[in-house]
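The structure appears below as structure tokens.
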Amino acid sequence: MHHAPVVVHRIFPSGGRQVTLRTAGGEESLGVARSDEDVIEFLRRAGMPDPDEAVLGGMEFVEWDSDTPHVYEADPPTDDLP
């Protein structure tokens with residue numbers, strides 16, 4: 001089973017997504033992203049070659065966990081309050 005080296009986790013209720021890098025020793029937190037640009041910057045700092053292509057080009061370096069890829073804001077509640 002293939003696991004991408006970068007995981008963009010589910011959206012926090014307050015918005016943003018934790019980004020981690022899988023390493024031989026486990027997972028290393030790269031930060032909380034609020035946009036694709038944040039993820040690209042985290043990967044650039046981690047030394048990944050061509051981070052733009054990794055995030056935007058559909059390459060299999062990034063795993064988008066649970067939520068829609070490239071979305072960073074939680075859906076607003078749909079309950080109508082009186």
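Just so we're on the same page: first chain in the structure tokens is A, next is B, and so on; residues restart at 1 for each chain, and ligands are numbered from 1 in the order they show up.
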- Task: Among the residues of region 21-74 of chain A, find those DSSP assigns to strand (DSSP E or B) from the backbone and print them as a VMD selection string.
- Result: chain A and resid 21 to 23 26 to 33 62 to 64
- Could you pull the residues within 9 Å of Arg34 (chain A), counting only C-alpha atoms, minus those fewer than 3 positions along the same chain, as a ChimeraX atom specification? /A:15-17,37-39,71-73
- Query: Out of region 5-75 of chain A, which residues get alpha helix (DSSP H) from DSSP, as a ChimeraX atom specification?
  - Reply: /A:36-45,51-56
- Item | Given only C-alpha atoms as the counted atoms, nearest of A:Pro13, A:Arg22, A:Pro69, A:Leu30 to Leu43 (chain A) |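 Once distances to Leu43 (chain A) are computed over only C-alpha atoms, the minimum belongs to A:Leu30.
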- Message: I want to know what sits within 10 Å of Ser29 (chain A), based on only C-alpha atoms, with residues of the same chain fewer than 3 positions away left out; could you give that as a PyMOL selection string?
- Response: chain A and resi 6-7+18-22+32+42
Those same residues, written as a tab-separated table (two decimals), in the first residue's frame with all heavy atoms?
chain	number	residue	atom	x	y	z
A	6	VAL	N	3.50	13.38	2.19
A	6	VAL	CA	2.91	14.57	2.80
A	6	VAL	C	1.43	14.32	3.01
A	6	VAL	O	0.74	13.85	2.11
A	6	VAL	CB	3.11	15.80	1.89
A	6	VAL	CG1	2.44	17.03	2.49
A	6	VAL	CG2	4.59	16.05	1.65
A	7	VAL	N	0.95	14.64	4.22
A	7	VAL	CA	-0.47	14.49	4.52
A	7	VAL	C	-1.03	15.85	4.90
A	7	VAL	O	-0.49	16.53	5.77
A	7	VAL	CB	-0.71	13.50	5.68
A	7	VAL	CG1	-2.21	13.35	5.95
A	7	VAL	CG2	-0.08	12.15	5.38
A	18	GLN	N	-3.83	20.78	9.37
A	18	GLN	CA	-2.49	20.36	9.79
A	18	GLN	C	-1.80	19.69	8.61
A	18	GLN	O	-2.41	18.89	7.90
A	18	GLN	CB	-2.60	19.38	10.96
A	18	GLN	CG	-1.27	18.93	11.49
A	18	GLN	CD	-0.54	20.04	12.21
A	18	GLN	OE1	-1.15	20.82	12.93
A	18	GLN	NE2	0.75	20.13	12.02
A	19	VAL	N	-0.53	20.00	8.40
A	19	VAL	CA	0.26	19.38	7.35
A	19	VAL	C	1.41	18.63	8.01
A	19	VAL	O	2.12	19.19	8.84
A	19	VAL	CB	0.82	20.44	6.36
A	19	VAL	CG1	1.65	19.79	5.27
A	19	VAL	CG2	-0.31	21.28	5.77
A	20	THR	N	1.55	17.35	7.66
A	20	THR	CA	2.63	16.54	8.23
A	20	THR	C	3.43	15.89	7.12
A	20	THR	O	2.93	15.66	6.02
A	20	THR	CB	2.11	15.46	9.20
A	20	THR	OG1	1.18	14.61	8.50
A	20	THR	CG2	1.43	16.07	10.41
A	21	LEU	N	4.67	15.58	7.45
A	21	LEU	CA	5.58	14.89	6.56
A	21	LEU	C	5.90	13.53	7.18
A	21	LEU	O	6.33	13.46	8.33
A	21	LEU	CB	6.86	15.71	6.41
A	21	LEU	CG	7.97	15.13	5.54
A	21	LEU	CD1	7.51	15.01	4.09
A	21	LEU	CD2	9.22	16.00	5.64
A	22	ARG	N	5.63	12.47	6.43
A	22	ARG	CA	5.97	11.13	6.91
A	22	ARG	C	7.47	10.93	6.77
A	22	ARG	O	8.05	11.19	5.72
A	22	ARG	CB	5.22	10.08	6.10
A	22	ARG	CG	3.75	10.02	6.40
A	22	ARG	CD	3.09	8.86	5.68
A	22	ARG	NE	1.72	8.72	6.10
A	22	ARG	CZ	0.67	8.78	5.29
A	22	ARG	NH1	0.85	8.95	3.99
A	22	ARG	NH2	-0.55	8.64	5.74
A	32	VAL	N	0.17	24.50	10.24
A	32	VAL	CA	-1.24	24.56	9.88
A	32	VAL	C	-1.38	25.46	8.66
A	32	VAL	O	-1.01	26.63	8.70
A	32	VAL	CB	-2.10	25.09	11.06
A	32	VAL	CG1	-3.56	25.25	10.63
A	32	VAL	CG2	-1.99	24.16	12.26
A	42	PHE	N	5.51	25.29	3.22
A	42	PHE	CA	5.97	24.27	4.16
A	42	PHE	C	6.86	23.25	3.45
A	42	PHE	O	7.90	22.85	3.97
A	42	PHE	CB	4.80	23.54	4.81
A	42	PHE	CG	3.92	24.39	5.70
A	42	PHE	CD1	2.61	24.01	5.94
A	42	PHE	CD2	4.37	25.56	6.29
A	42	PHE	CE1	1.78	24.76	6.76
A	42	PHE	CE2	3.55	26.32	7.11
A	42	PHE	CZ	2.25	25.93	7.34
- Task: Measuring atom to atom with only C-alpha atoms, identify which of A:Met48, A:Glu41, A:Ala33, A:Glu63 is nearest to Ala4 (chain A).
- Result: A:Glu63
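The space between CA of Ser14 (chain A) and CA of Thr68 (chain A) spans 16.1 Å.
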